[in-house]
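Following: one structure in structure tokens, then a few remarks.
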Number of protein chains: 2
Amino acid sequence: MSTQLSTKQASRQSPHTRAFTRLLRAHAALTGRLSAELQEEHGLTINAYEALLRLSREEDSQMKRVDLARSLILTPSGVTRMLDGLEGAGLVERAECPSDRRIVYARLTEAGRAKLDAAGKSHVESIRTVFEGALSGPEIERLADLLERLPLADSDDAACDAAD
Amino acid sequence: MSTQLSTKQASRQSPHTRAFTRLLRAHAALTGRLSAELQEEHGLTINAYEALLRLSREEDSQMKRVDLARSLILTPSGVTRMLDGLEGAGLVERAECPSDRRIVYARLTEAGRAKLDAAGKSHVESIRTVFEGALSGPEIERLADLLERLPLADSDDAACDAAD
DNA sequence: CGTGTATTGTTGACTACGCAAACAACACTG
DNA sequence: CAGTGTTGTTTGCGTAGTCAACAATACACG
């Protein structure tokens, strides 16, 4: 199927590099498509959507901002700014921690849950379309598994954070 | 169709969603780490590096800017801005097309090739470290293959661009 | 020819993020 | 209980990217 060695050789790379490059491109392509959709139909960024999703998974629909940052692989400042938007839209609200006043929780509001629900329908559907158009069911699972095993933090970051 | 039994189910997601989320996170984690390195040691963005790499693969070390954009999954304006930087650093230069004066080629300079060479050494090494620390050889190839099959363009984009 | 239409590339205004610094609240130490 | 370090959050500034509007060229067809 693929041409072996033409004058230009896409295949001369090591598998690592190939995997990485493809990861970059796949990410650009998928987020490009999906974020446009999410933005247009619901006014949400992909990260904003993921934030709502993670909050919704917590028992009390709230999370420390730091944890949210780590979970999304964003810096704390990124989270602050993103939540600014979501708070402005009334999808998330702040909640204090009684025992530690440094901490501010981000809590999903009812409107936020509704928004997540609405956005999720089309978003999940789009994701499914994209993936199922390209890969078989088992392949999708295999892909998810492999991606899951890539390291999420700096290796020099001491802890192995079982908290996830 | 999907979902709402929420209390706390990270694993209740469909494989598509799981794959997508993991793709997002893996991308954020890897680019975060690798781009910091590339930036610090060589003053290059990941995309800038990839651009140099692609130019270096062309026979005459040059590419139409539009093609470069498509290849990197960037907008034309993004390419203009990125190349502004690379031109300023003398790593890339402009070249005209005699037959079509709309076209401007981006051409790798000698300095650009040298930079690519230097940056490539550490960059490729880092990539290898990251991937080999997490996956076995065959798994890396499998991952690359799966990622390769994800669609890179909008499906409503008519052509299947065999040009790649 | 001239006139629409598509393609190539650039620019201005904006967004989303990171980094570093600042700051507030806590936690330990003596 | 003052001093020092650590953690959580926000803020100023820089950067990389997008989109919309544009100019210039190419082409197709009356």
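Every chain in the structure tokens takes a letter, A first, then B, and so on in the order presented; its residues are numbered from 1, and the ligands are numbered from 1 following the presented order.
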Next item on the list: Using only C-alpha atoms, select each residue of chain B with any atom at most 7 Å away from an atom of chain A, and give the selection as an MDAnalysis selection string.
Entry: chainID B and resid 6:9 15:19 22:29 33 57:58 72:73 124 127:128 131 134 140:141 143:144 146:154
Present chain A as a CSV table (one decimal) with N, CA and C atoms, in the first residue's frame, least-squares fitted onto chain B over all of its C-alpha atoms paired in order.
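New file selection-v4.csv:
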chain,number,residue,atom,x,y,z
A,1,MET,N,-9.1,-3.4,36.7
A,1,MET,CA,-8.3,-2.3,37.0
A,1,MET,C,-9.1,-1.0,37.2
A,2,SER,N,-9.9,-0.7,36.2
A,2,SER,CA,-10.6,0.6,36.4
A,2,SER,C,-11.9,0.3,37.1
A,3,THR,N,-12.3,1.3,37.9
A,3,THR,CA,-13.5,1.1,38.7
A,3,THR,C,-14.7,1.2,37.8
A,4,GLN,N,-15.6,0.4,38.1
A,4,GLN,CA,-16.7,0.3,37.2
A,4,GLN,C,-17.6,1.5,37.3
A,5,LEU,N,-18.5,1.6,38.2
A,5,LEU,CA,-19.4,2.7,38.3
A,5,LEU,C,-19.2,3.3,39.6
A,6,SER,N,-18.4,4.2,39.8
A,6,SER,CA,-18.4,4.9,41.0
A,6,SER,C,-19.4,6.0,40.9
A,7,THR,N,-19.5,6.9,41.8
A,7,THR,CA,-20.5,8.0,41.7
A,7,THR,C,-20.1,8.8,40.4
A,8,LYS,N,-18.9,8.9,40.1
A,8,LYS,CA,-18.5,9.5,38.9
A,8,LYS,C,-18.1,8.5,37.9
A,9,GLN,N,-18.6,8.6,36.7
A,9,GLN,CA,-18.4,7.6,35.8
A,9,GLN,C,-17.6,8.1,34.6
A,10,ALA,N,-16.4,7.8,34.6
A,10,ALA,CA,-15.6,8.2,33.4
A,10,ALA,C,-15.9,7.3,32.2
A,11,SER,N,-16.4,6.2,32.5
A,11,SER,CA,-16.5,5.1,31.5
A,11,SER,C,-17.9,5.0,30.9
A,12,ARG,N,-18.7,6.0,31.2
A,12,ARG,CA,-20.1,5.9,30.6
A,12,ARG,C,-20.1,6.5,29.2
A,13,GLN,N,-19.0,7.0,28.8
A,13,GLN,CA,-19.0,7.7,27.5
A,13,GLN,C,-18.9,6.7,26.4
A,14,SER,N,-19.3,7.1,25.2
A,14,SER,CA,-19.2,6.2,24.0
A,14,SER,C,-17.7,6.2,23.7
A,15,PRO,N,-17.3,5.1,23.0
A,15,PRO,CA,-15.9,5.0,22.7
A,15,PRO,C,-15.4,6.2,21.8
A,16,HIS,N,-16.2,6.7,21.0
A,16,HIS,CA,-15.8,7.8,20.2
A,16,HIS,C,-15.4,9.0,21.0
A,17,THR,N,-16.3,9.3,21.9
A,17,THR,CA,-16.0,10.4,22.8
A,17,THR,C,-14.8,10.2,23.6
A,18,ARG,N,-14.7,9.0,24.1
A,18,ARG,CA,-13.5,8.7,24.9
A,18,ARG,C,-12.3,8.8,24.1
A,19,ALA,N,-12.3,8.3,22.9
A,19,ALA,CA,-11.1,8.5,22.0
A,19,ALA,C,-10.8,9.9,21.8
A,20,PHE,N,-11.8,10.7,21.5
A,20,PHE,CA,-11.6,12.1,21.2
A,20,PHE,C,-11.0,12.9,22.4
A,21,THR,N,-11.7,12.7,23.6
A,21,THR,CA,-11.2,13.3,24.8
A,21,THR,C,-9.7,13.0,25.1
A,22,ARG,N,-9.5,11.7,24.9
A,22,ARG,CA,-8.1,11.3,25.2
A,22,ARG,C,-7.1,11.8,24.2
A,23,LEU,N,-7.6,12.0,23.0
A,23,LEU,CA,-6.7,12.6,22.0
A,23,LEU,C,-6.4,14.0,22.4
A,24,LEU,N,-7.4,14.7,22.8
A,24,LEU,CA,-7.2,16.1,23.3
A,24,LEU,C,-6.2,16.2,24.4
A,25,ARG,N,-6.4,15.3,25.4
A,25,ARG,CA,-5.6,15.4,26.6
A,25,ARG,C,-4.1,14.9,26.3
A,26,ALA,N,-4.0,13.9,25.5
A,26,ALA,CA,-2.7,13.4,25.1
A,26,ALA,C,-2.0,14.5,24.4
A,27,HIS,N,-2.7,15.1,23.5
A,27,HIS,CA,-2.0,16.2,22.7
A,27,HIS,C,-1.6,17.3,23.6
A,28,ALA,N,-2.4,17.7,24.5
A,28,ALA,CA,-2.1,18.8,25.4
A,28,ALA,C,-0.9,18.4,26.3
A,29,ALA,N,-0.9,17.2,26.8
A,29,ALA,CA,0.2,16.8,27.7
A,29,ALA,C,1.5,16.7,26.9
A,30,LEU,N,1.5,16.0,25.8
A,30,LEU,CA,2.7,15.8,25.0
A,30,LEU,C,3.3,17.1,24.5
A,31,THR,N,2.4,17.9,23.8
A,31,THR,CA,3.0,19.1,23.3
A,31,THR,C,3.4,20.0,24.4
A,32,GLY,N,2.7,20.0,25.5
A,32,GLY,CA,3.2,20.8,26.6
A,32,GLY,C,4.6,20.5,27.0
A,33,ARG,N,4.8,19.2,27.1
A,33,ARG,CA,6.1,18.8,27.6
A,33,ARG,C,7.2,19.0,26.5
A,34,LEU,N,6.9,18.5,25.3
A,34,LEU,CA,7.9,18.5,24.2
A,34,LEU,C,8.1,19.9,23.7
A,35,SER,N,7.1,20.8,23.7
A,35,SER,CA,7.4,22.1,23.1
A,35,SER,C,8.2,22.9,24.1
A,36,ALA,N,7.9,22.7,25.3
A,36,ALA,CA,8.7,23.5,26.3
A,36,ALA,C,10.2,23.1,26.1
A,37,GLU,N,10.5,21.9,25.9
A,37,GLU,CA,11.8,21.4,25.7
A,37,GLU,C,12.4,22.0,24.5
A,38,LEU,N,11.7,21.9,23.4
A,38,LEU,CA,12.2,22.4,22.1
A,38,LEU,C,12.4,23.9,22.1
A,39,GLN,N,11.5,24.5,22.8
A,39,GLN,CA,11.6,26.0,22.9
A,39,GLN,C,12.8,26.4,23.7
A,40,GLU,N,13.0,25.7,24.8
A,40,GLU,CA,14.0,26.1,25.7
A,40,GLU,C,15.4,25.8,25.1
A,41,GLU,N,15.5,24.6,24.6
A,41,GLU,CA,16.8,24.2,24.1
A,41,GLU,C,17.2,24.7,22.7
A,42,HIS,N,16.2,25.0,21.9
A,42,HIS,CA,16.5,25.4,20.5
A,42,HIS,C,15.7,26.6,20.0
A,43,GLY,N,14.8,27.1,20.8
A,43,GLY,CA,14.1,28.2,20.4
A,43,GLY,C,13.1,27.9,19.2
A,44,LEU,N,12.6,26.7,19.2
A,44,LEU,CA,11.7,26.3,18.1
A,44,LEU,C,10.4,25.9,18.7
A,45,THR,N,9.3,26.3,17.9
A,45,THR,CA,8.0,25.8,18.2
A,45,THR,C,7.9,24.4,17.6
A,46,ILE,N,7.0,23.6,18.1
A,46,ILE,CA,6.8,22.3,17.5
A,46,ILE,C,6.5,22.4,16.0
A,47,ASN,N,5.6,23.3,15.7
A,47,ASN,CA,5.3,23.5,14.3
A,47,ASN,C,6.5,24.0,13.5
A,48,ALA,N,7.3,24.8,14.0
A,48,ALA,CA,8.5,25.3,13.3
A,48,ALA,C,9.4,24.1,13.1
A,49,TYR,N,9.5,23.3,14.1
A,49,TYR,CA,10.4,22.1,13.9
A,49,TYR,C,9.8,21.2,12.8
A,50,GLU,N,8.5,21.0,12.8
A,50,GLU,CA,7.9,20.1,11.8
A,50,GLU,C,8.0,20.8,10.4
A,51,ALA,N,8.0,22.1,10.4
A,51,ALA,CA,8.2,22.7,9.1
A,51,ALA,C,9.6,22.5,8.6
A,52,LEU,N,10.6,22.7,9.4
A,52,LEU,CA,11.9,22.4,9.0
A,52,LEU,C,12.1,21.0,8.5
A,53,LEU,N,11.5,20.1,9.3
A,53,LEU,CA,11.6,18.7,8.9
A,53,LEU,C,11.0,18.4,7.6
A,54,ARG,N,9.8,19.0,7.3
A,54,ARG,CA,9.2,18.7,6.0
A,54,ARG,C,10.0,19.3,4.9
A,55,LEU,N,10.5,20.5,5.1
A,55,LEU,CA,11.4,21.1,4.1
A,55,LEU,C,12.6,20.2,3.8
A,56,SER,N,13.1,19.6,4.9
A,56,SER,CA,14.3,18.8,4.7
A,56,SER,C,14.1,17.6,3.9
A,57,ARG,N,12.8,17.2,3.9
A,57,ARG,CA,12.5,15.9,3.2
A,57,ARG,C,12.3,16.2,1.7
A,58,GLU,N,12.2,17.4,1.3
A,58,GLU,CA,12.0,17.6,-0.1
A,58,GLU,C,13.4,17.6,-0.8
A,59,GLU,N,13.3,17.1,-2.0
A,59,GLU,CA,14.6,17.0,-2.8
A,59,GLU,C,15.4,18.3,-2.8
A,60,ASP,N,14.7,19.3,-3.1
A,60,ASP,CA,15.4,20.6,-3.2
A,60,ASP,C,15.3,21.5,-2.0
A,61,SER,N,14.9,20.8,-0.9
A,61,SER,CA,14.7,21.5,0.4
A,61,SER,C,13.8,22.7,0.4
A,62,GLN,N,12.8,22.6,-0.5
A,62,GLN,CA,11.9,23.8,-0.6
A,62,GLN,C,10.5,23.3,-0.8
A,63,MET,N,9.6,24.2,-0.5
A,63,MET,CA,8.2,23.9,-0.6
A,63,MET,C,7.4,25.1,-0.8
A,64,LYS,N,6.3,25.0,-1.6
A,64,LYS,CA,5.4,26.1,-1.7
A,64,LYS,C,4.8,26.3,-0.3
A,65,ARG,N,4.5,27.6,0.0
A,65,ARG,CA,4.0,27.9,1.3
A,65,ARG,C,2.6,27.3,1.5
A,66,VAL,N,1.8,27.2,0.5
A,66,VAL,CA,0.5,26.6,0.6
A,66,VAL,C,0.6,25.2,0.9
A,67,ASP,N,1.5,24.5,0.3
A,67,ASP,CA,1.7,23.1,0.5
A,67,ASP,C,2.2,22.8,2.0
A,68,LEU,N,3.0,23.7,2.4
A,68,LEU,CA,3.5,23.6,3.7
A,68,LEU,C,2.4,23.7,4.7
A,69,ALA,N,1.5,24.7,4.4
A,69,ALA,CA,0.4,24.9,5.3
A,69,ALA,C,-0.5,23.7,5.4
A,70,ARG,N,-0.8,23.2,4.2
A,70,ARG,CA,-1.7,22.0,4.2
A,70,ARG,C,-1.0,20.8,4.9
A,71,SER,N,0.3,20.7,4.7
A,71,SER,CA,1.0,19.6,5.3
A,71,SER,C,1.0,19.7,6.9
A,72,LEU,N,1.1,20.9,7.4
A,72,LEU,CA,1.1,21.1,8.8
A,72,LEU,C,-0.3,21.3,9.4
A,73,ILE,N,-1.3,21.4,8.5
A,73,ILE,CA,-2.7,21.7,8.9
A,73,ILE,C,-2.7,23.0,9.6
A,74,LEU,N,-2.2,24.0,8.9
A,74,LEU,CA,-2.2,25.4,9.4
A,74,LEU,C,-2.8,26.2,8.3
A,75,THR,N,-3.3,27.4,8.6
A,75,THR,CA,-3.7,28.3,7.6
A,75,THR,C,-2.5,29.0,6.9
A,76,PRO,N,-2.8,29.5,5.7
A,76,PRO,CA,-1.7,30.2,5.0
A,76,PRO,C,-1.1,31.3,5.9
A,77,SER,N,-2.0,32.0,6.6
A,77,SER,CA,-1.5,33.1,7.4
A,77,SER,C,-0.6,32.6,8.5
A,78,GLY,N,-1.0,31.5,9.1
A,78,GLY,CA,-0.2,30.9,10.1
A,78,GLY,C,1.2,30.6,9.6
A,79,VAL,N,1.3,30.1,8.4
A,79,VAL,CA,2.6,29.7,7.8
A,79,VAL,C,3.4,31.0,7.6
A,80,THR,N,2.7,32.0,7.0
A,80,THR,CA,3.5,33.2,6.8
A,80,THR,C,4.2,33.7,8.1
A,81,ARG,N,3.4,33.7,9.2
A,81,ARG,CA,3.9,34.3,10.4
A,81,ARG,C,5.0,33.4,11.0
A,82,MET,N,4.8,32.1,10.9
A,82,MET,CA,5.8,31.2,11.4
A,82,MET,C,7.1,31.3,10.6
A,83,LEU,N,7.0,31.4,9.3
A,83,LEU,CA,8.1,31.5,8.4
A,83,LEU,C,8.8,32.8,8.6
A,84,ASP,N,8.1,33.9,9.0
A,84,ASP,CA,8.7,35.1,9.3
A,84,ASP,C,9.7,34.9,10.4
A,85,GLY,N,9.4,34.2,11.4
A,85,GLY,CA,10.3,33.9,12.5
A,85,GLY,C,11.5,33.1,12.0
A,86,LEU,N,11.2,32.1,11.2
A,86,LEU,CA,12.3,31.2,10.8
A,86,LEU,C,13.2,32.0,9.8
A,87,GLU,N,12.6,32.9,9.0
A,87,GLU,CA,13.5,33.7,8.1
A,87,GLU,C,14.3,34.6,8.9
A,88,GLY,N,13.7,35.2,9.9
A,88,GLY,CA,14.4,36.1,10.7
A,88,GLY,C,15.6,35.5,11.4
A,89,ALA,N,15.5,34.2,11.7
A,89,ALA,CA,16.5,33.5,12.3
A,89,ALA,C,17.5,32.9,11.3
A,90,GLY,N,17.2,33.1,10.0
A,90,GLY,CA,18.1,32.6,9.0
A,90,GLY,C,18.0,31.1,8.7
A,91,LEU,N,16.9,30.5,9.2
A,91,LEU,CA,16.8,29.0,9.1
A,91,LEU,C,16.1,28.7,7.8
A,92,VAL,N,15.4,29.6,7.2
A,92,VAL,CA,14.6,29.4,6.0
A,92,VAL,C,14.8,30.6,5.2
A,93,GLU,N,14.8,30.5,3.9
A,93,GLU,CA,14.8,31.6,3.0
A,93,GLU,C,13.7,31.5,1.9
A,94,ARG,N,13.4,32.7,1.3
A,94,ARG,CA,12.4,32.7,0.3
A,94,ARG,C,13.1,32.4,-1.1
A,95,ALA,N,12.3,31.7,-1.9
A,95,ALA,CA,12.8,31.5,-3.3
A,95,ALA,C,11.7,31.7,-4.2
A,96,GLU,N,11.9,32.3,-5.4
A,96,GLU,CA,10.8,32.5,-6.3
A,96,GLU,C,10.7,31.4,-7.2
A,97,CYS,N,9.5,31.3,-7.8
A,97,CYS,CA,9.2,30.3,-8.8
A,97,CYS,C,9.3,31.0,-10.2
A,98,PRO,N,10.1,30.5,-11.1
A,98,PRO,CA,10.3,31.2,-12.3
A,98,PRO,C,9.0,31.2,-13.2
A,99,SER,N,8.3,30.1,-13.1
A,99,SER,CA,7.1,30.0,-14.0
A,99,SER,C,5.8,30.6,-13.5
A,100,ASP,N,5.8,30.8,-12.2
A,100,ASP,CA,4.6,31.4,-11.6
A,100,ASP,C,5.0,32.3,-10.4
A,101,ARG,N,4.8,33.6,-10.7
A,101,ARG,CA,5.3,34.5,-9.8
A,101,ARG,C,4.5,34.8,-8.6
A,102,ARG,N,3.3,34.1,-8.5
A,102,ARG,CA,2.6,34.2,-7.3
A,102,ARG,C,3.3,33.4,-6.2
A,103,ILE,N,3.9,32.3,-6.6
A,103,ILE,CA,4.4,31.3,-5.7
A,103,ILE,C,5.7,31.8,-5.0
A,104,VAL,N,5.8,31.6,-3.8
A,104,VAL,CA,7.0,31.8,-3.0
A,104,VAL,C,7.4,30.5,-2.4
A,105,TYR,N,8.6,30.0,-2.6
A,105,TYR,CA,9.0,28.8,-1.9
A,105,TYR,C,9.6,29.2,-0.6
A,106,ALA,N,9.5,28.3,0.3
A,106,ALA,CA,10.2,28.4,1.6
A,106,ALA,C,11.3,27.4,1.4
A,107,ARG,N,12.6,27.8,1.5
A,107,ARG,CA,13.7,26.9,1.3
A,107,ARG,C,14.5,26.8,2.6
A,108,LEU,N,14.9,25.6,2.9
A,108,LEU,CA,15.7,25.4,4.1
A,108,LEU,C,17.1,25.9,3.8
A,109,THR,N,17.7,26.7,4.7
A,109,THR,CA,19.1,27.1,4.5
A,109,THR,C,20.0,26.1,5.2
A,110,GLU,N,21.3,26.3,5.0
A,110,GLU,CA,22.2,25.4,5.7
A,110,GLU,C,22.1,25.5,7.2
A,111,ALA,N,22.0,26.7,7.6
A,111,ALA,CA,21.8,26.9,9.1
A,111,ALA,C,20.5,26.2,9.5
A,112,GLY,N,19.5,26.3,8.7
A,112,GLY,CA,18.2,25.6,9.1
A,112,GLY,C,18.4,24.1,9.2
A,113,ARG,N,19.2,23.5,8.3
A,113,ARG,CA,19.4,22.1,8.3
A,113,ARG,C,20.2,21.7,9.5
A,114,ALA,N,21.2,22.6,9.8
A,114,ALA,CA,22.0,22.3,11.0
A,114,ALA,C,21.1,22.4,12.3
A,115,LYS,N,20.3,23.4,12.3
A,115,LYS,CA,19.4,23.6,13.5
A,115,LYS,C,18.5,22.4,13.6
A,116,LEU,N,17.9,21.9,12.5
A,116,LEU,CA,17.0,20.8,12.5
A,116,LEU,C,17.7,19.6,13.1
A,117,ASP,N,18.9,19.4,12.6
A,117,ASP,CA,19.7,18.3,13.0
A,117,ASP,C,20.0,18.3,14.5
A,118,ALA,N,20.4,19.5,15.0
A,118,ALA,CA,20.7,19.6,16.4
A,118,ALA,C,19.4,19.4,17.3
A,119,ALA,N,18.4,20.1,16.9
A,119,ALA,CA,17.1,20.0,17.6
A,119,ALA,C,16.5,18.6,17.6
A,120,GLY,N,16.7,18.0,16.4
A,120,GLY,CA,16.1,16.7,16.2
A,120,GLY,C,16.7,15.6,17.2
A,121,LYS,N,17.9,15.7,17.5
A,121,LYS,CA,18.5,14.8,18.3
A,121,LYS,C,17.8,14.7,19.7
A,122,SER,N,17.7,15.8,20.3
A,122,SER,CA,17.0,15.7,21.7
A,122,SER,C,15.5,15.5,21.5
A,123,HIS,N,14.9,16.1,20.5
A,123,HIS,CA,13.5,16.0,20.3
A,123,HIS,C,13.1,14.6,20.1
A,124,VAL,N,13.7,14.0,19.2
A,124,VAL,CA,13.4,12.6,18.9
A,124,VAL,C,13.6,11.7,20.1
A,125,GLU,N,14.6,12.0,20.8
A,125,GLU,CA,14.9,11.2,22.0
A,125,GLU,C,13.8,11.4,23.0
A,126,SER,N,13.4,12.6,23.2
A,126,SER,CA,12.3,12.8,24.1
A,126,SER,C,11.0,12.1,23.7
A,127,ILE,N,10.7,12.2,22.4
A,127,ILE,CA,9.5,11.5,21.9
A,127,ILE,C,9.6,10.0,22.2
A,128,ARG,N,10.8,9.5,21.9
A,128,ARG,CA,11.0,8.0,22.2
A,128,ARG,C,10.8,7.7,23.7
A,129,THR,N,11.4,8.5,24.5
A,129,THR,CA,11.2,8.3,26.0
A,129,THR,C,9.8,8.3,26.4
A,130,VAL,N,9.0,9.3,25.9
A,130,VAL,CA,7.6,9.4,26.3
A,130,VAL,C,6.8,8.1,25.8
A,131,PHE,N,7.0,7.8,24.6
A,131,PHE,CA,6.2,6.7,24.0
A,131,PHE,C,6.6,5.4,24.6
A,132,GLU,N,7.9,5.2,24.6
A,132,GLU,CA,8.4,3.8,25.1
A,132,GLU,C,8.1,3.7,26.6
A,133,GLY,N,8.0,4.8,27.3
A,133,GLY,CA,7.6,4.6,28.7
A,133,GLY,C,6.2,4.2,28.9
A,134,ALA,N,5.4,4.3,27.9
A,134,ALA,CA,4.0,4.0,28.0
A,134,ALA,C,3.5,2.8,27.2
A,135,LEU,N,4.1,2.6,26.1
A,135,LEU,CA,3.6,1.6,25.2
A,135,LEU,C,4.7,0.7,24.7
A,136,SER,N,4.4,-0.5,24.3
A,136,SER,CA,5.4,-1.4,23.7
A,136,SER,C,5.6,-1.0,22.2
A,137,GLY,N,6.6,-1.6,21.6
A,137,GLY,CA,6.9,-1.3,20.3
A,137,GLY,C,5.7,-1.5,19.3
A,138,PRO,N,5.1,-2.7,19.3
A,138,PRO,CA,4.0,-2.9,18.4
A,138,PRO,C,2.8,-2.0,18.7
A,139,GLU,N,2.6,-1.7,20.0
A,139,GLU,CA,1.5,-0.8,20.3
A,139,GLU,C,1.7,0.6,19.7
A,140,ILE,N,3.0,1.0,19.8
A,140,ILE,CA,3.3,2.3,19.2
A,140,ILE,C,2.9,2.4,17.7
A,141,GLU,N,3.3,1.3,17.1
A,141,GLU,CA,3.0,1.2,15.6
A,141,GLU,C,1.5,1.2,15.4
A,142,ARG,N,0.9,0.4,16.2
A,142,ARG,CA,-0.6,0.3,16.0
A,142,ARG,C,-1.2,1.7,16.2
A,143,LEU,N,-0.8,2.4,17.2
A,143,LEU,CA,-1.3,3.7,17.5
A,143,LEU,C,-1.0,4.6,16.3
A,144,ALA,N,0.2,4.6,15.8
A,144,ALA,CA,0.5,5.4,14.6
A,144,ALA,C,-0.4,5.1,13.4
A,145,ASP,N,-0.7,3.8,13.2
A,145,ASP,CA,-1.5,3.4,12.1
A,145,ASP,C,-2.9,3.9,12.3
A,146,LEU,N,-3.4,3.7,13.5
A,146,LEU,CA,-4.8,4.2,13.7
A,146,LEU,C,-5.0,5.7,13.5
A,147,LEU,N,-4.0,6.4,14.1
A,147,LEU,CA,-4.1,7.9,14.0
A,147,LEU,C,-4.0,8.2,12.5
A,148,GLU,N,-3.2,7.5,11.8
A,148,GLU,CA,-3.0,7.8,10.4
A,148,GLU,C,-4.3,7.7,9.6
A,149,ARG,N,-5.2,6.9,10.1
A,149,ARG,CA,-6.4,6.7,9.3
A,149,ARG,C,-7.5,7.7,9.6
A,150,LEU,N,-7.3,8.5,10.6
A,150,LEU,CA,-8.3,9.6,10.9
A,150,LEU,C,-8.2,10.6,9.7
A,151,PRO,N,-9.3,11.2,9.4
A,151,PRO,CA,-9.4,12.1,8.3
A,151,PRO,C,-8.6,13.4,8.6
A,152,LEU,N,-7.9,13.9,7.7
A,152,LEU,CA,-7.1,15.1,7.9
A,152,LEU,C,-7.7,16.4,7.3
A,153,ALA,N,-8.7,16.2,6.5
A,153,ALA,CA,-9.4,17.4,5.9
A,153,ALA,C,-10.9,17.3,6.1
A,154,ASP,N,-11.5,18.4,5.8
A,154,ASP,CA,-13.0,18.5,5.9
A,154,ASP,C,-13.5,17.5,4.9
A,155,SER,N,-14.5,16.8,5.3
A,155,SER,CA,-15.1,15.8,4.3
A,155,SER,C,-15.7,16.5,3.1
A,156,ASP,N,-16.2,17.7,3.3
A,156,ASP,CA,-16.8,18.4,2.2
A,156,ASP,C,-15.7,19.0,1.3
A,157,ASP,N,-14.5,18.8,1.7
A,157,ASP,CA,-13.4,19.2,0.8
A,157,ASP,C,-13.3,18.1,-0.3
A,158,ALA,N,-13.7,18.5,-1.5
A,158,ALA,CA,-13.9,17.5,-2.5
A,158,ALA,C,-12.7,16.5,-2.7
A,159,ALA,N,-11.6,17.1,-3.0
A,159,ALA,CA,-10.5,16.2,-3.4
A,159,ALA,C,-10.0,15.3,-2.3
A,160,CYS,N,-9.4,14.2,-2.7
A,160,CYS,CA,-8.8,13.3,-1.7
A,160,CYS,C,-7.3,13.5,-1.8
A,161,ASP,N,-6.9,14.6,-2.3
A,161,ASP,CA,-5.5,15.0,-2.3
A,161,ASP,C,-4.5,13.9,-2.2
A,162,ALA,N,-4.2,13.3,-3.2
A,162,ALA,CA,-3.2,12.2,-3.1
A,162,ALA,C,-1.8,12.8,-3.0
A,163,ALA,N,-1.7,14.1,-3.1
A,163,ALA,CA,-0.4,14.7,-3.1
A,163,ALA,C,0.4,14.5,-1.9
A,164,ASP,N,-0.1,14.1,-0.9
A,164,ASP,CA,0.6,14.1,0.4
A,164,ASP,C,1.9,13.2,0.4
Item checked: Residue list for chain C near chain A as a PyMOL selection string, 8 Å, only C-alpha atoms (C1' of nucleotides) -> chain C and resi 17-18+24-26
Just to be explicit: take each residue in the selection above, keep C-alpha atoms (C1' of nucleotides), and write the result as a JSON list (two decimals), in the first residue's frame.
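Output (again-v4.json):
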[["chain", "number", "residue", "atom", "x", "y", "z"],
["C", 17, "DC", "C1'", -2.73, 29.29, 26.70],
["C", 18, "DG", "C1'", 2.05, 29.37, 29.34],
["C", 24, "DA", "C1'", -2.80, 34.76, 50.61],
["C", 25, "DA", "C1'", -3.40, 31.05, 53.60],
["C", 26, "DC", "C1'", -1.62, 27.32, 55.74]]
Checklist line | Interface list for chain D, partner chain B, 9 Å threshold, only C-alpha atoms (C1' of nucleotides), as a PyMOL selection string | finding: chain D and resi 16-18+24-26
Next item on the list: Take atom C1' of DA16 of chain C and atom C1' of DA21 of chain D and report the distance between them in Å, one decimal.
Entry: 22.4 Å
Check: Of the candidates D:DG3, D:DC22, D:DT15, D:DT9, which shows the shortest atom-to-atom distance to DC19 of chain C, using only C-alpha atoms (C1' of nucleotides)?
Finding: D:DT15
Checklist line | helix (DSSP H, G or I) call set, DSSP backbone run, chain A, as a ChimeraX atom specification | finding: /A:10-12,15-42,46-57,65-72,76-88,110-134,137-148
Check: What's the 12 Å shell around DC1 of chain C, counting only C-alpha atoms (C1' of nucleotides), without same-chain residues fewer than 2 positions away, as a list of chain:residue names?
Finding: C:DT3, D:DC29, D:DG30
Next item on the list: Please report, as a ChimeraX atom specification, each residue of segment 1-145 of chain A to which DSSP assigns strand (DSSP E) when run on this structure's backbone.
Entry: /A:62-64,92-96,104-108
